[in-house]
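First comes the structure, then the notes that go with it.
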Amino acid sequence: MIVRERPSGLRLLLVLRGSVLQRIQRSLLLNIALATLVTAVHGNLFSLKITLTPIPFTLIGLPLAIFLGFRNTTAYDRYWEGRKLWGELVHRTRSLSRQCLGWIEGGGPIASARRDTDVRVRIIHRAIAFAHVLRMRLRDQRDEALLQQWLTPTDFDAVREASDPASMILLDIGRDLGECVRTDRIQPCLAASIDGTLSSLAAVAASCERIKNTPIPFSYTLLLHRTAYMYCFLLPFGLVDTTGFMTPFVVGIVAYTFFGLDALGDEIEEPFGLENNDLPLDMLCRSIEISLLESLGEKDLPAPIEVDNFRLT
Amino acid sequence: MIVRERPSGLRLLLVLRGSVLQRIQRSLLLNIALATLVTAVHGNLFSLKITLTPIPFTLIGLPLAIFLGFRNTTAYDRYWEGRKLWGELVHRTRSLSRQCLGWIEGGGPIASARRDTDVRVRIIHRAIAFAHVLRMRLRDQRDEALLQQWLTPTDFDAVREASDPASMILLDIGRDLGECVRTDRIQPCLAASIDGTLSSLAAVAASCERIKNTPIPFSYTLLLHRTAYMYCFLLPFGLVDTTGFMTPFVVGIVAYTFFGLDALGDEIEEPFGLENNDLPLDMLCRSIEISLLESLGEKDLPAPIEVDNFRLT
Amino acid sequence: MIVRERPSGLRLLLVLRGSVLQRIQRSLLLNIALATLVTAVHGNLFSLKITLTPIPFTLIGLPLAIFLGFRNTTAYDRYWEGRKLWGELVHRTRSLSRQCLGWIEGGGPIASARRDTDVRVRIIHRAIAFAHVLRMRLRDQRDEALLQQWLTPTDFDAVREASDPASMILLDIGRDLGECVRTDRIQPCLAASIDGTLSSLAAVAASCERIKNTPIPFSYTLLLHRTAYMYCFLLPFGLVDTTGFMTPFVVGIVAYTFFGLDALGDEIEEPFGLENNDLPLDMLCRSIEISLLESLGEKDLPAPIEVDNFRLT
Amino acid sequence: MIVRERPSGLRLLLVLRGSVLQRIQRSLLLNIALATLVTAVHGNLFSLKITLTPIPFTLIGLPLAIFLGFRNTTAYDRYWEGRKLWGELVHRTRSLSRQCLGWIEGGGPIASARRDTDVRVRIIHRAIAFAHVLRMRLRDQRDEALLQQWLTPTDFDAVREASDPASMILLDIGRDLGECVRTDRIQPCLAASIDGTLSSLAAVAASCERIKNTPIPFSYTLLLHRTAYMYCFLLPFGLVDTTGFMTPFVVGIVAYTFFGLDALGDEIEEPFGLENNDLPLDMLCRSIEISLLESLGEKDLPAPIEVDNFRLT
Amino acid sequence: MIVRERPSGLRLLLVLRGSVLQRIQRSLLLNIALATLVTAVHGNLFSLKITLTPIPFTLIGLPLAIFLGFRNTTAYDRYWEGRKLWGELVHRTRSLSRQCLGWIEGGGPIASARRDTDVRVRIIHRAIAFAHVLRMRLRDQRDEALLQQWLTPTDFDAVREASDPASMILLDIGRDLGECVRTDRIQPCLAASIDGTLSSLAAVAASCERIKNTPIPFSYTLLLHRTAYMYCFLLPFGLVDTTGFMTPFVVGIVAYTFFGLDALGDEIEEPFGLENNDLPLDMLCRSIEISLLESLGEKDLPAPIEVDNFRLT
């Protein structure tokens, strides 16, 4: 995620970090070059005058506007839903920790070191592992050392081999909870509350996978790209008789906006990656770690992940 | 569902797999042929000059844009709601499995083979059957051998004859749960949690049926088709005096976009079928199978369904 | 609801059943007649040339487009919310039946005939009556014989006299449930689950009434009608100098689209009636009947309501 | 709320009741007068020709369209959310009544007259008072006699002095419920269900206050008004050379639509007042009264509030 | 938040308080100065005539309109979600107070002074602290004296040192509740209800942080600014041949609207600050204080925060 103040004045035109320019520069330069060429020959192709006039562009502009508006909104909705899901992950894990510490009768003081014997610590550490597992799955990463830190050896083995590690962690928590109910360490009603939190975590994981695995239908994306590219590459023929030597400049602005919108849509449509405008999952995982360790009374907390060169991962 | 990277550069114009071109080629060719004809005779019909000028197209373009935007958004909303419902199916069945394994006291170790005697296994297998039954109903398929695999003979007979097989499976689960409560194998509070999961599954099934059975009102679709077709087929008369020999080309681009948007809307409006852009229900059912069998400790899991020739069913 | 495949090719232009043409034919013909007249006199009114030019129509077109888009979306949202509510009715009644059969300890086998003595049968029959009562209220129908079929005589008397019969049925169910709790035939926690289902049914009924009783503010509808009619009836004056003898044709297309959109909005804004595009409440009630009777083990089920002449009521 | 059929034909143009004309007549007349003046002098101001041409209006029209569409949708969303909240109030109070009558063991038959001794009656009467209190707060009304009718003297004193009377009523119900739990007149699980209903009522009250107290940001409203007024008052200068003596007429239509949309937005943005298009809170309160008294077995019910001169308050 | 009536007539044009003019005056004046210059030299730059004509502005206007509409809607959605979250904070804290007072058996009469010994008072005071802590975090404020007023010394120390003070408060409440369950001062089912309220409070806090920390992707904002600024600063070249000496005036209106919309989007995108159009968190915190103290029977309530010079903080 890019984190910076909006530049003002002339600097506005010079900012590169966070701009979409780098992604679209090739198409854009090609388009401007074509426009320059068309301007130079006054729109004649092999002694044949191509007279498109601006009118077709007004007509094609209409479905193109529908497309871009639709894609824009849809891509952002996916981005924002992704962020909401991770926000829910944050507060559900916090609530899980509150519920475990409040409702489950333990056998002694809370301490991270007592994970093997204290079911409360075990569950809270698993919640941290759950966040990391989900992040890794969404980003196709793998970091076994990290998971070993938060899981007991038995849990770790089960999770490593699982085809669906996030669900496996919830299963383990569920089994422990059932054991607590059977040994009267928690009231059934309150165990049901914790179970509700686990179901929410399962929903978060499945919904994130949904966003990752189901893009906007490919045919839409293809249709949009084709229309946008044809529009911009034909534009010089339509404008050259009206705007003269300013044509490459005008075409450049139009293409910058259309290509830029299109590229941004591509980027935030799948918001869990590592690109400029993707969500800062590392930062969110760390913040869950800090919050849950704090609830366990831990004093030695890891540092929050900071913005680095305007960027947060 | 089409799964492929967005092609770049010239290949963009050549991709056919996943493009909407095949669906609309007849109308499109007819339209371009008409435009060519109109261009050839300079817009005269039986020595009568048809002077439409571009102005009416700007005016008709307005309600058409409203229509297309509306239909586009609505069709995608239905597609996405369908996907959300199947995402919910995924995590609700996972939660059902977690709840059964955690809360119900069984009489021995968990194993798929002990389905007839172990209510937990029976319920989890039924959840797999539920997903398959729903898929078959939405796709008007029938595969009794598959169901026999996941249901006891008694259940299978009841489900096969039922007019509403998905509800029948939930009824069977509900009856077993009631029995567990009465024989003190589960706390009532926790049974209520499982009941909540069952209600969510019932909601998923009914909502999928809603999408399948209630299309966008037919009159809307009809009005949209008519306006779009009249627009595109009249367009050559409006453009020929302005764009000359480029007319068929311009008309082709406009018609490609309008017909394409219209056809895509048709396709994703009912997202449960087997067309290019429909949802991969086979893959989702299989993923539920894998996840639930894994929760039962099964080691011999079926393989996930992979993309085949850019396509996932 | 109109259920038919989208016609292709020329038949597209000839379909009448399900088209909005019948509703708007008077205004449309009048508009075309006026356009013909204006064309004949070349836009002169009593030797005074009315020169509107297309420009004002571009300007008025703007707020009109906002209006039509707004109304379109809003009307469809109401239609779809109505359908969602009935979808919820379908699955909540199914869940109610599952819960009653699973949780309530009865005094013998389930059979429709034992309604007077078996509270489970009584509640499930009442749920069927609930659906019918809601349908009747939304459609201002009355069919006492039907209700007598699903209610005990005492219940029937109370419901018939009630100013709010749907709530009365839920009250009766609630009273029976309370009795079951007091006689230990159901665990309180599970009764609370059933109570949740009843509250959802109450919400469905109140929300349907909301849609029926609160139209889009009248002033909006009035403003929209006025602008659309003035636009279409003035249009010939604006076009006649540009499009000549094609004017009535162009005006006809524009008016068909605007009047059509407007009339469709009117129709689906209140989706519970008996017009072409309204929701098939009869079919849904029947489907609830079938589903609930099947859950009671009934073998002799009523037939589903089928499409008749492309129409489902 | 205006309740009337949409007029057809010529009467459409003559309806005044429910039209927005009265609200905007001053600005509209002024605008038309200015247009007439501009037409008379052919756009010359002190022998200086003001040549605006229609082009700037096309360009300004764009952001204005965005504004009006945004404001329209937002204002209606607030209106509809308000209506949904009152719909929820209707069914939550009905459910509260069903729950109290079903779950709480009383000391004898239900009768309104036994309010002081029967907690069920007391709670249901308080729910009626809750609706009235909320209505009064939203409309800045005060009717102590009405409240005295539904509250015991002790409750009434507490509510009258409270800075937040609606919360005070819920507190009183909560206290009575706690008492019932402690005296074993209701199962805790079922009391938790009733508590859920109370929380929903609290949410309804807070959400209505939110709509009333947080308007659309003032700067938006101001920017919209300014742009719309400048647009309409400058329009004659832009049109006079094109449309000649028809200018005041065209300007009138455009201004009627823009000012009308703007004024309607103002009206429904805060939907709880007493203006033409506001919600019929009186009618809804009465309907809650009738429904709840009926659930108490009352025979002598107040009459529903009817439409009076096309208006429902 | 600006609270004032919409001014009417001429005063509309003169209002400054609450207008966005101050924020955009520099860019606006610069733009108008440029337009004046361009008009003076008739669009010639160093004896080179820049002929842009209005056509490019119609084409660029299209993606710009998409952008502005998108940003407008998104920014307002964030504003309104922020307001909804604080509305939820208001009613959840009220419900928490109702639940504590109703369900927890205390050891004597309720009184603020007995906080150290009465868990109910302690929890309700903590809820007040929760609101203040959230406000301070969102506004980067710090007021330890205020927190000391509502927390016991032990709580205060823990909260002051916590990296996530809001969660810490909920943890403290959860621990007290668990203690109440273990000492039989509250039924487990009812404690689960209170726990649900705490989870909602956790969700409110995390969602507010989400809005504060995740702006609209920076690349969008940058692309929008660039397009809007280029549009407005090039506009004089496009208009000067058409509108002559009126050019600076027309450019001024267009730029006022575009820059204004853009600046307003910036302001309400992050609605928790202290700018003109931000949410009145101080007022809402005070209102929670009043409501909760009233529920404790307190007579000496703090005064509500009033509008000061049309502004509410």
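Residues in the structure tokens are numbered from 1 in each chain, the chains being A, B, ... in the order shown, and ligands are numbered from 1 in the order shown.
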Distance filter 12 Å, only C-alpha atoms, chain C against chain A, as a count of residues only: 3
Every residue of stretch 107-280 of chain C that DSSP places in alpha helix (DSSP H), as a ChimeraX atom specification: /C:119-139,144-150,153-161,165-182,188-213,218-243,247-269
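Near C:Asp266, within 10 Å and counting only C-alpha atoms, sit Arg71, Asn72, Ala75, Pro215, Ile216, Thr221, Gly260, Leu261, Asp262, Ala263, Glu269, Glu270 and Pro271 of chain C; Arg6 of chain D, not including residues fewer than 3 positions from it in the same chain.
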Which residues, written as a PDB file with all heavy atoms, in the first residue's frame, have at least one atom at most 8 Å from stretch 153-169 of chain D, with only C-alpha atoms counted and residues fewer than 5 positions away on the same chain left out?
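Output (around07.pdb):
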```
ATOM      1  N   ARG D 126     -44.991  -0.802  27.276  1.00  0.00           N
ATOM      2  CA  ARG D 126     -43.780   0.023  27.131  1.00  0.00           C
ATOM      3  C   ARG D 126     -43.274   0.036  25.685  1.00  0.00           C
ATOM      4  O   ARG D 126     -42.734   1.038  25.218  1.00  0.00           O
ATOM      5  CB  ARG D 126     -42.667  -0.524  28.028  1.00  0.00           C
ATOM      6  CG  ARG D 126     -42.734  -0.061  29.454  1.00  0.00           C
ATOM      7  CD  ARG D 126     -41.534  -0.655  30.181  1.00  0.00           C
ATOM      8  NE  ARG D 126     -41.633  -0.501  31.621  1.00  0.00           N
ATOM      9  CZ  ARG D 126     -41.417  -1.493  32.481  1.00  0.00           C
ATOM     10  NH1 ARG D 126     -41.138  -2.709  32.032  1.00  0.00           N
ATOM     11  NH2 ARG D 126     -41.500  -1.261  33.775  1.00  0.00           N
ATOM     12  N   PHE D 130     -42.436   3.182  23.498  1.00  0.00           N
ATOM     13  CA  PHE D 130     -41.142   3.345  22.843  1.00  0.00           C
ATOM     14  C   PHE D 130     -41.303   3.914  21.437  1.00  0.00           C
ATOM     15  O   PHE D 130     -40.604   4.853  21.034  1.00  0.00           O
ATOM     16  CB  PHE D 130     -40.433   1.981  22.797  1.00  0.00           C
ATOM     17  CG  PHE D 130     -39.069   2.017  22.184  1.00  0.00           C
ATOM     18  CD1 PHE D 130     -37.957   2.354  22.928  1.00  0.00           C
ATOM     19  CD2 PHE D 130     -38.896   1.719  20.840  1.00  0.00           C
ATOM     20  CE1 PHE D 130     -36.688   2.383  22.361  1.00  0.00           C
ATOM     21  CE2 PHE D 130     -37.634   1.748  20.256  1.00  0.00           C
ATOM     22  CZ  PHE D 130     -36.528   2.084  21.026  1.00  0.00           C
ATOM     23  N   VAL D 133     -42.357   7.566  21.710  1.00  0.00           N
ATOM     24  CA  VAL D 133     -41.257   8.411  22.164  1.00  0.00           C
ATOM     25  C   VAL D 133     -40.278   8.672  21.026  1.00  0.00           C
ATOM     26  O   VAL D 133     -39.805   9.795  20.825  1.00  0.00           O
ATOM     27  CB  VAL D 133     -40.549   7.740  23.374  1.00  0.00           C
ATOM     28  CG1 VAL D 133     -39.135   8.249  23.525  1.00  0.00           C
ATOM     29  CG2 VAL D 133     -41.343   7.977  24.625  1.00  0.00           C
ATOM     30  N   LEU D 134     -40.009   7.623  20.257  1.00  0.00           N
ATOM     31  CA  LEU D 134     -39.074   7.792  19.147  1.00  0.00           C
ATOM     32  C   LEU D 134     -39.642   8.757  18.098  1.00  0.00           C
ATOM     33  O   LEU D 134     -38.947   9.647  17.610  1.00  0.00           O
ATOM     34  CB  LEU D 134     -38.783   6.426  18.513  1.00  0.00           C
ATOM     35  CG  LEU D 134     -37.738   6.430  17.405  1.00  0.00           C
ATOM     36  CD1 LEU D 134     -36.412   6.970  17.905  1.00  0.00           C
ATOM     37  CD2 LEU D 134     -37.532   5.021  16.852  1.00  0.00           C
ATOM     38  N   GLU D 144     -47.322  14.401  26.474  1.00  0.00           N
ATOM     39  CA  GLU D 144     -47.181  13.655  27.722  1.00  0.00           C
ATOM     40  C   GLU D 144     -48.414  12.818  28.026  1.00  0.00           C
ATOM     41  O   GLU D 144     -48.310  11.727  28.591  1.00  0.00           O
ATOM     42  CB  GLU D 144     -46.894  14.615  28.872  1.00  0.00           C
ATOM     43  CG  GLU D 144     -45.633  15.445  28.630  1.00  0.00           C
ATOM     44  CD  GLU D 144     -44.970  15.849  29.930  1.00  0.00           C
ATOM     45  OE1 GLU D 144     -45.685  15.947  30.952  1.00  0.00           O
ATOM     46  OE2 GLU D 144     -43.732  16.054  29.920  1.00  0.00           O
ATOM     47  N   LEU D 147     -48.127   9.417  26.536  1.00  0.00           N
ATOM     48  CA  LEU D 147     -47.194   8.530  27.223  1.00  0.00           C
ATOM     49  C   LEU D 147     -47.795   8.014  28.523  1.00  0.00           C
ATOM     50  O   LEU D 147     -47.617   6.849  28.884  1.00  0.00           O
ATOM     51  CB  LEU D 147     -45.887   9.258  27.505  1.00  0.00           C
ATOM     52  CG  LEU D 147     -45.036   9.544  26.271  1.00  0.00           C
ATOM     53  CD1 LEU D 147     -43.710  10.148  26.677  1.00  0.00           C
ATOM     54  CD2 LEU D 147     -44.816   8.270  25.480  1.00  0.00           C
ATOM     55  N   GLN D 148     -48.502   8.889  29.223  1.00  0.00           N
ATOM     56  CA  GLN D 148     -49.117   8.457  30.480  1.00  0.00           C
ATOM     57  C   GLN D 148     -50.051   7.268  30.274  1.00  0.00           C
ATOM     58  O   GLN D 148     -50.234   6.437  31.137  1.00  0.00           O
ATOM     59  CB  GLN D 148     -49.894   9.627  31.099  1.00  0.00           C
ATOM     60  CG  GLN D 148     -49.179  10.203  32.304  1.00  0.00           C
ATOM     61  CD  GLN D 148     -49.789  11.482  32.788  1.00  0.00           C
ATOM     62  OE1 GLN D 148     -50.289  12.259  31.987  1.00  0.00           O
ATOM     63  NE2 GLN D 148     -49.744  11.707  34.074  1.00  0.00           N
ATOM     64  N   ALA D 202     -32.849  -0.750  20.472  1.00  0.00           N
ATOM     65  CA  ALA D 202     -31.873   0.311  20.753  1.00  0.00           C
ATOM     66  C   ALA D 202     -31.164   0.735  19.466  1.00  0.00           C
ATOM     67  O   ALA D 202     -30.921   1.924  19.239  1.00  0.00           O
ATOM     68  CB  ALA D 202     -30.859  -0.176  21.786  1.00  0.00           C
ATOM     69  N   ALA D 205     -33.443   2.986  17.365  1.00  0.00           N
ATOM     70  CA  ALA D 205     -33.517   4.361  17.867  1.00  0.00           C
ATOM     71  C   ALA D 205     -32.243   5.131  17.523  1.00  0.00           C
ATOM     72  O   ALA D 205     -32.292   6.263  17.014  1.00  0.00           O
ATOM     73  CB  ALA D 205     -33.740   4.349  19.378  1.00  0.00           C
TER      74      ALA D 205
ATOM     75  N   ARG E  94     -25.088   1.674  25.165  1.00  0.00           N
ATOM     76  CA  ARG E  94     -26.362   1.722  25.897  1.00  0.00           C
ATOM     77  C   ARG E  94     -26.845   0.309  26.237  1.00  0.00           C
ATOM     78  O   ARG E  94     -27.334   0.045  27.333  1.00  0.00           O
ATOM     79  CB  ARG E  94     -27.428   2.412  25.050  1.00  0.00           C
ATOM     80  CG  ARG E  94     -27.285   3.919  24.925  1.00  0.00           C
ATOM     81  CD  ARG E  94     -28.418   4.460  24.069  1.00  0.00           C
ATOM     82  NE  ARG E  94     -28.207   5.868  23.696  1.00  0.00           N
ATOM     83  CZ  ARG E  94     -28.865   6.469  22.730  1.00  0.00           C
ATOM     84  NH1 ARG E  94     -29.790   5.812  22.035  1.00  0.00           N
ATOM     85  NH2 ARG E  94     -28.623   7.741  22.445  1.00  0.00           N
ATOM     86  N   ILE E 290     -23.484  10.988  28.834  1.00  0.00           N
ATOM     87  CA  ILE E 290     -24.764  11.376  29.439  1.00  0.00           C
ATOM     88  C   ILE E 290     -25.676  10.171  29.550  1.00  0.00           C
ATOM     89  O   ILE E 290     -26.286   9.896  30.585  1.00  0.00           O
ATOM     90  CB  ILE E 290     -25.431  12.476  28.586  1.00  0.00           C
ATOM     91  CG1 ILE E 290     -24.576  13.741  28.601  1.00  0.00           C
ATOM     92  CG2 ILE E 290     -26.832  12.767  29.068  1.00  0.00           C
ATOM     93  CD1 ILE E 290     -25.075  14.826  27.670  1.00  0.00           C
ATOM     94  N   SER E 291     -25.772   9.406  28.446  1.00  0.00           N
ATOM     95  CA  SER E 291     -26.700   8.292  28.418  1.00  0.00           C
ATOM     96  C   SER E 291     -26.334   7.246  29.467  1.00  0.00           C
ATOM     97  O   SER E 291     -27.198   6.727  30.184  1.00  0.00           O
ATOM     98  CB  SER E 291     -26.656   7.687  27.015  1.00  0.00           C
ATOM     99  OG  SER E 291     -27.813   7.001  26.723  1.00  0.00           O
ATOM    100  N   GLU E 294     -26.825   8.502  33.079  1.00  0.00           N
ATOM    101  CA  GLU E 294     -28.254   8.501  33.384  1.00  0.00           C
ATOM    102  C   GLU E 294     -28.733   7.093  33.745  1.00  0.00           C
ATOM    103  O   GLU E 294     -29.551   6.910  34.649  1.00  0.00           O
ATOM    104  CB  GLU E 294     -29.017   9.018  32.157  1.00  0.00           C
ATOM    105  CG  GLU E 294     -30.403   9.506  32.488  1.00  0.00           C
ATOM    106  CD  GLU E 294     -30.970  10.299  31.324  1.00  0.00           C
ATOM    107  OE1 GLU E 294     -30.838   9.852  30.170  1.00  0.00           O
ATOM    108  OE2 GLU E 294     -31.545  11.368  31.579  1.00  0.00           O
ATOM    109  N   SER E 295     -28.199   6.090  33.038  1.00  0.00           N
ATOM    110  CA  SER E 295     -28.629   4.725  33.345  1.00  0.00           C
ATOM    111  C   SER E 295     -28.163   4.299  34.730  1.00  0.00           C
ATOM    112  O   SER E 295     -28.755   3.414  35.353  1.00  0.00           O
ATOM    113  CB  SER E 295     -28.121   3.745  32.289  1.00  0.00           C
ATOM    114  OG  SER E 295     -26.743   3.492  32.470  1.00  0.00           O
TER     115      SER E 295
END
```
Option closest in space to C:Thr227, from D:Val250, D:Ala145, D:Ala129, D:Val90 [counting only C-alpha atoms]: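 Among D:Val250, D:Ala145, D:Ala129, D:Val90, it is D:Val250 that comes nearest to C:Thr227.
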